[in-house]
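Trainee: Provided below: coords.csv, containing CSV, C-alpha atoms and all ligand atoms.
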```
chain,number,residue,atom,x,y,z
A,1,MET,CA,26.8,-14.2,-45.7
A,2,ALA,CA,25.7,-16.2,-42.7
A,3,THR,CA,22.6,-14.8,-40.9
A,4,VAL,CA,22.4,-14.5,-37.1
A,5,LEU,CA,19.1,-14.0,-35.4
A,6,VAL,CA,19.8,-11.9,-32.3
A,7,THR,CA,17.0,-12.0,-29.8
A,8,GLY,CA,17.0,-9.1,-27.3
A,9,GLY,CA,19.3,-7.4,-29.9
A,10,ASN,CA,17.9,-4.0,-29.0
A,11,GLY,CA,19.2,-4.3,-25.4
A,12,TYR,CA,22.5,-3.4,-23.8
A,13,ILE,CA,24.7,-6.4,-24.7
A,14,GLY,CA,22.7,-7.3,-27.7
A,15,SER,CA,23.1,-4.0,-29.5
A,16,HIS,CA,26.9,-4.0,-29.0
A,17,THR,CA,27.0,-7.5,-30.3
A,18,VAL,CA,25.0,-6.6,-33.4
A,19,ILE,CA,27.8,-4.1,-34.2
A,20,SER,CA,30.5,-6.7,-33.7
A,21,LEU,CA,28.7,-9.2,-35.8
A,22,SER,CA,28.1,-6.7,-38.6
A,23,GLU,CA,31.8,-5.7,-38.5
A,24,ASN,CA,32.8,-9.3,-38.8
A,25,GLY,CA,30.7,-9.9,-42.0
A,26,TYR,CA,27.5,-11.4,-40.5
A,27,ASP,CA,24.1,-10.5,-41.6
A,28,VAL,CA,21.9,-9.7,-38.5
A,29,ILE,CA,18.2,-9.9,-37.8
A,30,ILE,CA,16.9,-8.6,-34.5
A,31,ALA,CA,13.9,-9.7,-32.5
A,32,ASP,CA,13.0,-7.7,-29.4
A,33,ASN,CA,9.7,-6.9,-27.7
A,34,LEU,CA,11.1,-3.6,-26.3
A,35,ILE,CA,10.2,-4.5,-22.8
A,36,ASN,CA,13.5,-3.1,-21.6
A,37,SER,CA,14.9,-1.1,-24.5
A,38,LYS,CA,13.9,1.8,-26.8
A,39,MET,CA,13.4,1.7,-30.6
A,40,GLU,CA,15.9,4.7,-30.9
A,41,VAL,CA,18.7,2.0,-30.5
A,42,GLN,CA,18.0,1.0,-34.1
A,43,ASN,CA,18.7,4.6,-35.3
A,44,ARG,CA,21.9,4.7,-33.3
A,45,LEU,CA,23.0,1.3,-34.7
A,46,GLU,CA,22.4,2.7,-38.2
A,47,LYS,CA,24.5,5.8,-37.4
A,48,ILE,CA,27.4,3.6,-36.1
A,49,THR,CA,27.4,0.9,-38.8
A,50,GLY,CA,25.8,2.6,-41.8
A,51,LYS,CA,23.3,-0.2,-42.0
A,52,ARG,CA,19.6,-0.5,-41.1
A,53,PHE,CA,19.1,-3.9,-39.5
A,54,LYS,CA,16.0,-6.0,-40.1
A,55,PHE,CA,14.0,-5.6,-36.9
A,56,TYR,CA,11.0,-7.6,-35.7
A,57,LYS,CA,9.1,-6.3,-32.7
A,58,ALA,CA,8.3,-9.7,-31.3
A,59,ASP,CA,8.0,-11.5,-28.0
A,60,CYS,CA,10.2,-14.6,-28.0
A,61,CYS,CA,7.5,-16.4,-25.9
A,62,ASP,CA,5.0,-15.9,-28.8
A,63,GLU,CA,5.5,-18.9,-31.0
A,64,ALA,CA,3.5,-17.6,-33.9
A,65,ALA,CA,5.4,-14.3,-34.1
A,66,MET,CA,8.7,-16.1,-33.8
A,67,ARG,CA,7.7,-18.7,-36.4
A,68,ARG,CA,7.2,-15.9,-38.9
A,69,ILE,CA,10.8,-14.8,-38.4
A,70,PHE,CA,12.1,-18.3,-39.0
A,71,GLU,CA,9.8,-18.7,-42.1
A,72,GLU,CA,10.8,-15.4,-43.6
A,73,ASN,CA,14.5,-15.7,-43.2
A,74,SER,CA,17.3,-18.2,-43.8
A,75,ILE,CA,18.8,-18.3,-40.3
A,76,ASP,CA,22.2,-19.8,-39.7
A,77,SER,CA,22.5,-19.3,-36.0
A,78,VAL,CA,20.8,-17.7,-33.0
A,79,ILE,CA,22.2,-15.6,-30.1
A,80,HIS,CA,19.5,-15.5,-27.4
A,81,PHE,CA,19.9,-12.4,-25.2
A,82,ALA,CA,16.1,-11.9,-24.7
A,83,GLY,CA,15.2,-12.0,-21.0
A,84,LEU,CA,14.5,-10.1,-17.9
A,85,LYS,CA,17.6,-9.4,-15.8
A,86,ALA,CA,17.0,-7.3,-12.7
A,87,VAL,CA,17.9,-9.4,-9.6
A,88,GLY,CA,15.8,-7.4,-7.1
A,89,GLU,CA,12.7,-7.3,-9.4
A,90,SER,CA,13.0,-11.1,-9.9
A,91,VAL,CA,12.5,-11.6,-6.1
A,92,LYS,CA,9.3,-9.5,-6.3
A,93,ILE,CA,7.8,-11.0,-9.5
A,94,PRO,CA,9.3,-14.5,-9.7
A,95,LEU,CA,6.6,-15.9,-12.0
A,96,ASP,CA,7.2,-13.2,-14.6
A,97,TYR,CA,10.9,-14.0,-14.6
A,98,TYR,CA,10.4,-17.8,-14.8
A,99,GLN,CA,7.7,-17.3,-17.5
A,100,ASN,CA,9.6,-14.9,-19.7
A,101,ASN,CA,13.1,-16.3,-19.4
A,102,ILE,CA,12.3,-20.0,-19.6
A,103,VAL,CA,9.5,-19.9,-22.1
A,104,SER,CA,11.3,-17.5,-24.4
A,105,MET,CA,14.3,-19.8,-24.6
A,106,ILE,CA,12.2,-23.0,-25.0
A,107,THR,CA,10.1,-21.4,-27.8
A,108,VAL,CA,13.2,-20.3,-29.7
A,109,ALA,CA,14.8,-23.8,-29.2
A,110,ARG,CA,11.7,-25.5,-30.5
A,111,LEU,CA,11.7,-23.4,-33.6
A,112,MET,CA,15.4,-24.0,-34.1
A,113,LYS,CA,14.7,-27.7,-34.1
A,114,GLU,CA,11.7,-27.3,-36.5
A,115,PHE,CA,13.7,-25.1,-39.0
A,116,ASP,CA,16.9,-27.1,-38.6
A,117,VAL,CA,18.9,-24.1,-37.2
A,118,ARG,CA,21.7,-25.8,-35.3
A,119,LYS,CA,23.9,-23.1,-33.7
A,120,LEU,CA,22.9,-21.3,-30.5
A,121,VAL,CA,24.7,-19.0,-28.2
A,122,PHE,CA,23.0,-18.4,-24.9
A,123,SER,CA,23.5,-15.6,-22.4
A,124,SER,CA,24.3,-17.2,-19.1
A,125,SER,CA,25.9,-15.6,-16.1
A,126,ALA,CA,28.5,-16.0,-13.4
A,127,THR,CA,25.5,-16.1,-11.1
A,128,VAL,CA,25.3,-19.9,-11.8
A,129,TYR,CA,28.4,-20.4,-9.5
A,130,GLY,CA,26.2,-19.3,-6.6
A,131,MET,CA,27.7,-18.2,-3.3
A,132,SER,CA,31.0,-20.0,-3.6
A,133,GLU,CA,34.1,-17.8,-3.3
A,134,ASP,CA,36.5,-20.4,-4.6
A,135,VAL,CA,38.0,-18.0,-7.2
A,136,PRO,CA,38.8,-17.9,-9.9
A,137,PHE,CA,35.8,-19.7,-11.2
A,138,THR,CA,36.6,-22.1,-13.9
A,139,GLU,CA,34.0,-23.7,-16.2
A,140,GLU,CA,34.4,-26.9,-14.1
A,141,SER,CA,33.7,-25.1,-10.8
A,142,PRO,CA,30.5,-26.7,-9.3
A,143,LEU,CA,27.3,-24.8,-10.0
A,144,GLY,CA,26.0,-23.3,-6.8
A,145,VAL,CA,22.7,-22.4,-5.1
A,146,CYS,CA,21.4,-19.2,-6.6
A,147,THR,CA,20.1,-16.4,-4.3
A,148,ASN,CA,17.3,-15.2,-6.5
A,149,PRO,CA,14.8,-16.3,-9.2
A,150,TYR,CA,16.8,-14.5,-12.0
A,151,GLY,CA,19.8,-16.6,-11.2
A,152,TRP,CA,17.8,-19.7,-11.1
A,153,THR,CA,16.4,-19.0,-14.6
A,154,LYS,CA,20.0,-19.0,-15.9
A,155,TRP,CA,20.9,-22.1,-13.9
A,156,MET,CA,17.8,-24.0,-15.1
A,157,LEU,CA,18.2,-22.9,-18.7
A,158,GLU,CA,21.7,-24.2,-18.8
A,159,GLN,CA,20.3,-27.6,-17.8
A,160,VAL,CA,17.4,-27.3,-20.3
A,161,LEU,CA,19.9,-26.6,-23.1
A,162,LYS,CA,22.2,-29.5,-22.1
A,163,ASP,CA,19.3,-31.9,-22.2
A,164,PHE,CA,18.1,-30.4,-25.5
A,165,ALA,CA,21.6,-31.0,-27.0
A,166,LYS,CA,21.8,-34.5,-25.6
A,167,ALA,CA,18.5,-35.4,-27.3
A,168,ASN,CA,19.5,-33.6,-30.5
A,169,PRO,CA,23.2,-34.2,-31.1
A,170,GLU,CA,23.3,-32.2,-34.3
A,171,MET,CA,22.9,-29.1,-32.1
A,172,LYS,CA,25.9,-26.9,-31.3
A,173,ILE,CA,25.2,-24.8,-28.2
A,174,CYS,CA,27.5,-22.4,-26.5
A,175,LEU,CA,26.7,-21.2,-22.9
A,176,LEU,CA,28.5,-18.0,-22.2
A,177,ARG,CA,28.8,-17.1,-18.5
A,178,TYR,CA,29.3,-13.4,-18.4
A,179,PHE,CA,30.9,-11.7,-15.4
A,180,ASN,CA,30.1,-8.0,-14.9
A,181,PRO,CA,29.5,-6.2,-18.3
A,182,VAL,CA,30.0,-2.5,-18.1
A,183,GLY,CA,31.1,0.4,-20.4
A,184,ALA,CA,29.7,1.5,-23.7
A,185,HIS,CA,30.5,1.8,-27.4
A,186,GLU,CA,33.3,4.3,-28.2
A,187,SER,CA,30.9,6.5,-30.2
A,188,GLY,CA,28.9,7.3,-27.0
A,189,LEU,CA,25.7,6.5,-29.1
A,190,ILE,CA,24.7,3.3,-27.3
A,191,GLY,CA,25.2,2.1,-23.8
A,192,GLU,CA,23.4,0.8,-20.8
A,193,ASP,CA,20.1,2.6,-20.4
A,194,PRO,CA,18.3,1.3,-17.3
A,195,ARG,CA,14.8,2.4,-16.4
A,196,GLY,CA,14.4,4.1,-13.0
A,197,ILE,CA,17.0,4.0,-10.3
A,198,PRO,CA,19.8,1.6,-11.3
A,199,ASN,CA,20.7,-1.4,-9.1
A,200,ASN,CA,24.1,-2.1,-10.6
A,201,LEU,CA,27.2,-0.3,-9.7
A,202,PHE,CA,28.3,1.3,-13.0
A,203,PRO,CA,25.0,2.8,-14.0
A,204,TYR,CA,24.6,4.1,-10.5
A,205,ILE,CA,28.1,5.7,-10.5
A,206,SER,CA,27.4,7.2,-13.9
A,207,LYS,CA,24.3,8.9,-12.7
A,208,VAL,CA,26.0,10.3,-9.6
A,209,ALA,CA,28.9,11.5,-11.8
A,210,GLY,CA,26.3,13.1,-14.2
A,211,GLY,CA,24.4,14.8,-11.3
A,212,THR,CA,21.1,12.9,-11.7
A,213,LEU,CA,21.7,11.0,-8.5
A,214,ASP,CA,23.2,12.6,-5.4
A,215,CYS,CA,25.4,10.0,-3.8
A,216,LEU,CA,26.5,6.4,-4.2
A,217,THR,CA,26.2,4.0,-1.2
A,218,VAL,CA,29.0,1.5,-1.2
A,219,PHE,CA,27.5,-1.7,0.1
A,220,GLY,CA,29.9,-2.9,2.8
A,221,ASP,CA,33.6,-2.0,3.5
A,222,ASP,CA,34.2,-4.8,6.0
A,223,TYR,CA,34.7,-7.7,3.5
A,224,ASP,CA,37.8,-9.9,3.6
A,225,THR,CA,39.4,-8.1,0.6
A,226,PRO,CA,42.4,-5.8,0.3
A,227,ASP,CA,40.3,-2.6,0.8
A,228,GLY,CA,37.3,-4.1,2.5
A,229,THR,CA,34.9,-3.7,-0.6
A,230,CYS,CA,33.8,-6.4,-2.9
A,231,LEU,CA,35.8,-7.5,-6.0
A,232,ARG,CA,34.1,-8.1,-9.3
A,233,ASP,CA,35.4,-9.0,-12.8
A,234,TYR,CA,34.2,-6.0,-14.8
A,235,ILE,CA,34.3,-6.6,-18.6
A,236,HIS,CA,33.9,-4.0,-21.3
A,237,VAL,CA,30.7,-4.7,-23.2
A,238,VAL,CA,32.6,-4.3,-26.5
A,239,ASP,CA,34.9,-7.1,-25.5
A,240,LEU,CA,31.9,-9.2,-24.4
A,241,ALA,CA,30.3,-8.5,-27.8
A,242,ASP,CA,33.5,-9.8,-29.6
A,243,GLY,CA,33.3,-12.9,-27.4
A,244,HIS,CA,29.9,-13.7,-29.0
A,245,VAL,CA,31.4,-13.4,-32.5
A,246,LYS,CA,34.2,-15.8,-31.5
A,247,ALA,CA,31.6,-18.2,-30.0
A,248,ILE,CA,29.6,-18.2,-33.2
A,249,ASP,CA,32.8,-18.9,-35.2
A,250,TYR,CA,33.8,-21.7,-32.7
A,251,LEU,CA,30.4,-23.5,-33.2
A,252,ASP,CA,31.4,-24.0,-36.8
A,253,LYS,CA,34.5,-25.9,-35.8
A,254,THR,CA,33.6,-27.8,-32.7
A,255,ASP,CA,32.2,-31.4,-32.5
A,256,ASP,CA,30.9,-30.8,-29.0
A,257,CYS,CA,27.1,-30.4,-28.6
A,258,VAL,CA,27.5,-28.1,-25.6
A,259,SER,CA,30.4,-25.8,-24.9
A,260,VAL,CA,30.7,-23.6,-21.8
A,261,PHE,CA,32.9,-20.5,-21.5
A,262,ASN,CA,33.4,-17.8,-18.9
A,263,ILE,CA,33.7,-14.4,-20.4
A,264,GLY,CA,35.6,-12.1,-18.1
A,265,THR,CA,39.0,-10.4,-17.8
A,266,GLY,CA,40.3,-12.6,-15.0
A,267,LYS,CA,40.9,-9.6,-12.8
A,268,GLY,CA,39.0,-8.5,-9.7
A,269,THR,CA,38.4,-4.7,-9.2
A,270,SER,CA,37.0,-3.5,-5.9
A,271,VAL,CA,34.2,-1.0,-5.5
A,272,LYS,CA,36.6,1.6,-4.2
A,273,GLU,CA,38.9,1.1,-7.2
A,274,ALA,CA,35.9,1.4,-9.6
A,275,VAL,CA,34.9,4.7,-8.0
A,276,ALA,CA,38.5,6.0,-8.2
A,277,ALA,CA,38.8,4.9,-11.9
A,278,PHE,CA,35.5,6.7,-12.7
A,279,GLU,CA,36.6,9.8,-10.9
A,280,LYS,CA,39.7,9.8,-13.1
A,281,ALA,CA,37.5,9.4,-16.2
A,282,CYS,CA,35.0,12.1,-15.4
A,283,GLY,CA,37.5,14.5,-13.8
A,284,HIS,CA,35.6,15.1,-10.6
A,285,GLU,CA,34.8,13.5,-7.3
A,286,ILE,CA,32.0,10.9,-7.1
A,287,LYS,CA,30.2,11.5,-3.8
A,288,HIS,CA,29.9,8.2,-1.9
A,289,VAL,CA,29.1,6.9,1.6
A,290,PHE,CA,29.7,3.5,3.1
A,291,GLY,CA,26.6,1.5,4.0
A,292,PRO,CA,25.8,-2.0,5.2
A,293,ARG,CA,26.4,-5.1,3.1
A,294,ARG,CA,23.8,-5.9,0.4
A,295,PRO,CA,22.2,-9.3,1.1
A,296,GLY,CA,23.2,-11.9,-1.4
A,297,ASP,CA,26.5,-10.3,-2.3
A,298,ILE,CA,29.7,-12.3,-2.2
A,299,ALA,CA,33.1,-10.8,-1.4
A,300,VAL,CA,35.0,-11.9,-4.5
A,301,CYS,CA,34.0,-13.0,-8.0
A,302,TYR,CA,36.3,-13.3,-11.0
A,303,ALA,CA,36.8,-15.6,-13.9
A,304,SER,CA,39.4,-18.0,-15.0
A,305,THR,CA,39.8,-17.0,-18.6
A,306,ASP,CA,42.1,-19.8,-19.8
A,307,LYS,CA,39.5,-21.9,-21.6
A,308,ALA,CA,38.0,-19.0,-23.5
A,309,TYR,CA,41.6,-17.9,-24.6
A,310,ARG,CA,42.6,-21.5,-25.5
A,311,LEU,CA,39.5,-22.5,-27.5
A,312,LEU,CA,37.9,-19.2,-28.6
A,313,GLY,CA,41.1,-17.1,-28.8
A,314,PHE,CA,39.2,-14.6,-26.6
A,315,LYS,CA,41.1,-12.2,-24.5
A,316,ALA,CA,39.7,-8.9,-23.2
A,317,ARG,CA,41.4,-5.9,-24.7
A,318,TYR,CA,40.0,-3.1,-22.5
A,319,ASN,CA,40.9,-2.2,-18.8
A,320,ILE,CA,38.8,-0.6,-16.1
A,321,ASP,CA,39.9,2.9,-17.2
A,322,ASP,CA,38.6,2.3,-20.7
A,323,MET,CA,35.4,1.0,-19.3
A,324,CYS,CA,34.9,4.1,-17.2
A,325,THR,CA,35.9,6.5,-20.0
A,326,SER,CA,33.4,5.0,-22.4
A,327,CYS,CA,30.7,4.9,-19.7
A,328,TRP,CA,31.2,8.5,-19.0
A,329,LYS,CA,31.1,9.5,-22.6
A,330,TRP,CA,27.8,7.7,-23.0
A,331,GLN,CA,26.4,9.3,-19.8
A,332,SER,CA,27.5,12.8,-20.8
A,333,MET,CA,26.1,12.5,-24.3
A,334,ASN,CA,22.8,11.0,-23.1
A,335,PRO,CA,22.1,12.3,-19.6
A,336,GLU,CA,18.5,11.2,-19.7
A,337,GLY,CA,19.1,8.0,-21.6
A,338,LEU,CA,17.4,7.4,-25.0
A,339,SER,CA,14.0,8.8,-25.9
A,340,ASP,CA,11.2,6.3,-26.7
B,1,LIG,P1,18.8,-5.8,-21.6
B,1,LIG,O1,17.6,-5.8,-20.7
B,1,LIG,O2,19.4,-4.5,-21.9
B,1,LIG,O3,18.5,-6.6,-23.0
B,1,LIG,C1,17.5,-7.6,-23.1
B,1,LIG,C2,16.6,-7.3,-24.2
B,1,LIG,O4,15.7,-8.4,-24.4
B,1,LIG,C3,15.8,-6.0,-24.1
B,1,LIG,O5,16.0,-5.2,-25.2
B,1,LIG,C4,14.4,-6.5,-23.9
B,1,LIG,O6,13.5,-5.6,-24.4
B,1,LIG,C5,14.4,-7.8,-24.6
B,1,LIG,N1,13.5,-8.8,-24.1
B,1,LIG,C6,13.2,-9.3,-22.9
B,1,LIG,N2,12.3,-10.2,-22.9
B,1,LIG,C7,12.0,-10.5,-24.2
B,1,LIG,C8,11.1,-11.4,-24.8
B,1,LIG,N3,10.4,-12.3,-24.2
B,1,LIG,N4,11.0,-11.3,-26.2
B,1,LIG,C9,11.8,-10.4,-26.9
B,1,LIG,N5,12.6,-9.6,-26.3
B,1,LIG,C10,12.7,-9.6,-25.0
B,1,LIG,O7,19.8,-6.8,-20.9
B,1,LIG,P2,21.3,-7.1,-21.2
B,1,LIG,O8,22.2,-6.5,-20.1
B,1,LIG,O9,21.6,-6.7,-22.6
B,1,LIG,O10,21.4,-8.7,-21.0
B,1,LIG,C11,21.2,-9.5,-22.1
B,1,LIG,C12,21.3,-11.0,-21.6
B,1,LIG,O11,22.5,-11.2,-20.9
B,1,LIG,C13,20.1,-11.3,-20.7
B,1,LIG,O12,19.7,-12.6,-20.9
B,1,LIG,C14,20.8,-11.2,-19.3
B,1,LIG,O13,20.2,-12.0,-18.4
B,1,LIG,C15,22.2,-11.7,-19.6
B,1,LIG,N6,23.2,-11.2,-18.7
B,1,LIG,C16,23.3,-9.9,-18.4
B,1,LIG,C17,24.3,-9.5,-17.5
B,1,LIG,C18,24.4,-8.0,-17.2
B,1,LIG,O14,25.0,-7.7,-16.1
B,1,LIG,N7,24.0,-7.1,-18.0
B,1,LIG,C19,25.1,-10.4,-16.8
B,1,LIG,C20,24.9,-11.8,-17.1
B,1,LIG,C21,24.0,-12.2,-18.1
B,2,LIG,N1,27.4,-1.9,-5.3
B,2,LIG,C1,27.5,-0.9,-4.5
B,2,LIG,N2,26.6,0.1,-4.6
B,2,LIG,C2,25.6,0.1,-5.5
B,2,LIG,C3,25.5,-1.0,-6.4
B,2,LIG,C4,26.5,-2.0,-6.3
B,2,LIG,O1,28.4,-0.9,-3.6
B,2,LIG,O2,24.8,1.0,-5.5
B,2,LIG,C5,28.4,-3.0,-5.3
B,2,LIG,C6,27.8,-4.4,-5.0
B,2,LIG,O3,27.6,-4.6,-3.6
B,2,LIG,C7,28.9,-5.3,-5.6
B,2,LIG,C8,29.4,-4.5,-6.8
B,2,LIG,O4,29.1,-3.1,-6.5
B,2,LIG,O5,29.9,-5.5,-4.7
B,2,LIG,C9,28.8,-4.9,-8.1
B,2,LIG,O6,27.4,-4.9,-8.0
B,2,LIG,P1,26.4,-5.0,-9.3
B,2,LIG,O7,25.0,-4.9,-8.8
B,2,LIG,O8,26.9,-4.0,-10.3
B,2,LIG,O9,26.8,-6.4,-9.9
B,2,LIG,P2,26.7,-7.9,-9.2
B,2,LIG,O10,28.1,-8.5,-9.2
B,2,LIG,O11,25.9,-7.9,-7.9
B,2,LIG,O12,25.8,-8.7,-10.3
B,2,LIG,C10,25.9,-8.6,-11.7
B,2,LIG,C11,24.6,-8.7,-12.3
B,2,LIG,C12,24.0,-10.1,-12.1
B,2,LIG,C13,25.1,-11.1,-12.6
B,2,LIG,C14,26.4,-10.9,-12.0
B,2,LIG,C15,27.4,-11.8,-12.6
B,2,LIG,O13,23.6,-7.8,-11.8
B,2,LIG,O14,22.9,-10.3,-12.8
B,2,LIG,O15,26.8,-9.5,-12.2
B,2,LIG,O16,27.4,-11.7,-13.9
B,2,LIG,F1,24.7,-12.4,-12.3
```
Write out the structure in this file as structure tokens.

Mentor:
Amino acid sequence: MATVLVTGGNGYIGSHTVISLSENGYDVIIADNLINSKMEVQNRLEKITGKRFKFYKADCCDEAAMRRIFEENSIDSVIHFAGLKAVGESVKIPLDYYQNNIVSMITVARLMKEFDVRKLVFSSSATVYGMSEDVPFTEESPLGVCTNPYGWTKWMLEQVLKDFAKANPEMKICLLRYFNPVGAHESGLIGEDPRGIPNNLFPYISKVAGGTLDCLTVFGDDYDTPDGTCLRDYIHVVDLADGHVKAIDYLDKTDDCVSVFNIGTGKGTSVKEAVAAFEKACGHEIKHVFGPRRPGDIAVCYASTDKAYRLLGFKARYNIDDMCTSCWKWQSMNPEGLSD
């Protein structure tokens, strides 16, 4: 059984991916420093899969701690989710973001080279397309100018990994550019569990729906879109997780050192449509008001999904209603999130 090291595997996307990997016959090892997740996730994963995964509480920037993982296990491939991801926070503490995101990836890449582990899937983001609105974004769309340090770390790490692969042609690296991951596992046992007041739309709506927050502010209703609010390509986290399994499988087949894929649905949903879909899922009104635009937001962002379909065989299965239903189930079953 091939073994995948999942860094950041205790987090939102990582935990869902651990389930998909396990369901597809992979052995999983998780490394996470718990900076943005709770240990309870491991109990939940055990409930869902019936398996207790090997877990290392380790910081990916700590070379000695990470070396131990490579020494103790026969690792076939790595999925690197570990990183800090809050756009607003990255503007306030940029050095922490550059330090954590860049050093963690470089440390893991060095160890992969040392231990001859050749397959890597990296969590990139649609944010690398910058402020362009030339939609749909294809993998060939020019990379743009990012509006925040978080975005730049993804942009820079794509370049770092391309250079790493060029110098080490035995490497097989897949850069997955996620669009907007939302939703939760159908069991309601794991889902997005942000600390404090959420910045992203779905966690915010969930908390308003659940009564923890009073009212959603829709950032801008004067955009050049059908209903005036921004369009995003929301993708169910379970679909996204499956995309990682397909990416790992693809790395066994491809001769390319670096492969880049968008992972989205190819469909734009407006903020107003997202609110309406959530209202349908939870069965009551979501209180919302319209406020000014949020700086740095673009009007429209959605993926061309052709390449992922053609080469990975990836196609999203779930629609916005499924995303809202699963989000609401997770919120209702865990109104305070997970305990430490
Ligand atoms: P998350 O915060 O839920 O998960 C990240 C996990 O990594 C957390 O469990 C955290 O404790 C851990 N971590 C952070 N720094 C670490 C370090 N140095 N060593 C070990 N563990 C560390 O975030 P997520 O939403 O699951 O995102 C996973 C990846 O996908 C991130 O790299 C993120 O930037 C990227 N991404 C996320 C989104 C999104 O909207 N969620 C969109 C595009 C890309
Ligand atoms: N929005 C609101 N009110 C809120 C929160 C968000 O109206 O309280 C709107 C935003 O203005 C935007 C849409 O909802 O139009 C989606 O916003 P999110 O913050 O949920 O997501 P973004 O598209 O801004 O960004 C997300 C991640 C980035 C990532 C990007 C592409 O936060 O890290 O998707 O993957 F780069």

Trainee: How would you write, as a PyMOL selection string, the set of residues no farther than 6 Å from ligand LIG 1 (chain B) when counting all atoms listed in the file?

Mentor: chain A and resi 8+10-14+32-37+58-61+81-85+100+104+123-125+178+180-181

Trainee: Do you have the atom CA of Leu213 of chain A-atom CA of Lys287 of chain A distance handy?

Mentor: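 Pair atom CA of Leu213 of chain A / atom CA of Lys287 of chain A returns 9.7 Å.
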
Trainee: Distance limit 8 Å, reference ligand LIG 2 (chain B), atoms considered: only C-alpha atoms and all ligand atoms. Which residues make the cut? Give them as a count of residues only.

Mentor: 39

Trainee: In Å, rounded to a single decimal, give me how far atom CA of Thr3 of chain A is from atom CA of Asn101 of chain A.

Mentor: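 Going from atom CA of Asn101 of chain A over to atom CA of Thr3 of chain A, I get 23.6 Å.
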
Trainee: Expressed in Å to a single decimal, how great is the separation between atom CA of Glu285 of chain A and atom CA of Cys327 of chain A?

Mentor: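 About the pair atom CA of Glu285 of chain A and atom CA of Cys327 of chain A: they are 15.6 Å apart.
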
Trainee: From the set A:Thr147, A:Asn334, A:Gln159, A:Asn262, which residue has the shortest atom-to-atom contact distance to Gly191 of chain A, counting all atoms listed in the file?

Mentor: A:Asn334

Trainee: Up to 12 Å from (21.6, -4.3, -28.3) in the file's coordinates: name the residues, counting all atoms listed in the file, as a PyMOL selection string.

Mentor: chain A and resi 6-21+28-32+34+36-45+53+55+79-82+184-185+189-193+237-238+241

Trainee: Identify, on the basis of all atoms listed in the file, every residue whose closest approach to Ser141 of chain A does not exceed 8 Å; exclude the query and any residue fewer than 3 positions from it along the same chain; express the result as a list in words.

Mentor: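 Using all atoms listed in the file, the neighbours found are Tyr129, Phe137 and Thr138 of chain A.
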
Trainee: Can you pull out the residues contacting segment 163-167 of chain A? Cut-off 8 Å, using all atoms listed in the file, and skip same-chain residues under 5 positions away; I want them as a list in words.

Mentor: Lys172, Ile173, Cys257 and Val258 of chain A

Trainee: Using all atoms listed in the file for the distances, tell me which of A:Ile248, A:Leu176, A:Ala274, A:Ala64 is nearest to Leu5 of chain A.

Mentor: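 With all atoms listed in the file as the atom set, the closest residue is A:Ile248.
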
Trainee: Write out as a compact mmCIF listing (two decimals) with C-alpha atoms, keeping the file's coordinate frame the residues lying within 12 Å of Glu279 of chain A, counting all atoms listed in the file and excluding same-chain residues fewer than 2 positions away.

Mentor:
```txt
# COMPACT_ATOMS: atom_id res chain seq x y z
CA ILE A 205 28.10 5.70 -10.50
CA SER A 206 27.40 7.20 -13.90
CA VAL A 208 26.00 10.30 -9.60
CA ALA A 209 28.90 11.50 -11.80
CA GLY A 210 26.30 13.10 -14.20
CA LYS A 272 36.60 1.60 -4.20
CA GLU A 273 38.90 1.10 -7.20
CA ALA A 274 35.90 1.40 -9.60
CA VAL A 275 34.90 4.70 -8.00
CA ALA A 276 38.50 6.00 -8.20
CA ALA A 277 38.80 4.90 -11.90
CA ALA A 281 37.50 9.40 -16.20
CA CYS A 282 35.00 12.10 -15.40
CA GLY A 283 37.50 14.50 -13.80
CA HIS A 284 35.60 15.10 -10.60
CA GLU A 285 34.80 13.50 -7.30
CA ILE A 286 32.00 10.90 -7.10
CA LYS A 287 30.20 11.50 -3.80
CA HIS A 288 29.90 8.20 -1.90
CA ILE A 320 38.80 -0.60 -16.10
CA ASP A 321 39.90 2.90 -17.20
CA CYS A 324 34.90 4.10 -17.20
CA THR A 325 35.90 6.50 -20.00
CA CYS A 327 30.70 4.90 -19.70
CA TRP A 328 31.20 8.50 -19.00
```

Trainee: Measuring between all atoms listed in the file, which one of A:Val4, A:Ile263, A:Val91, A:Met333 shows the shortest distance to Gly188 of chain A?

Mentor: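 Going through A:Val4, A:Ile263, A:Val91, A:Met333 one by one, the smallest distance to Gly188 of chain A is for A:Met333.
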
Trainee: Calculated over only C-alpha atoms, which of the candidates A:Arg195, A:Leu161, A:Lys92, A:Val260 has the smallest distance to Leu175 of chain A?

Mentor: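 Comparing A:Arg195, A:Leu161, A:Lys92, A:Val260 against Leu175 of chain A, the winner is A:Val260.
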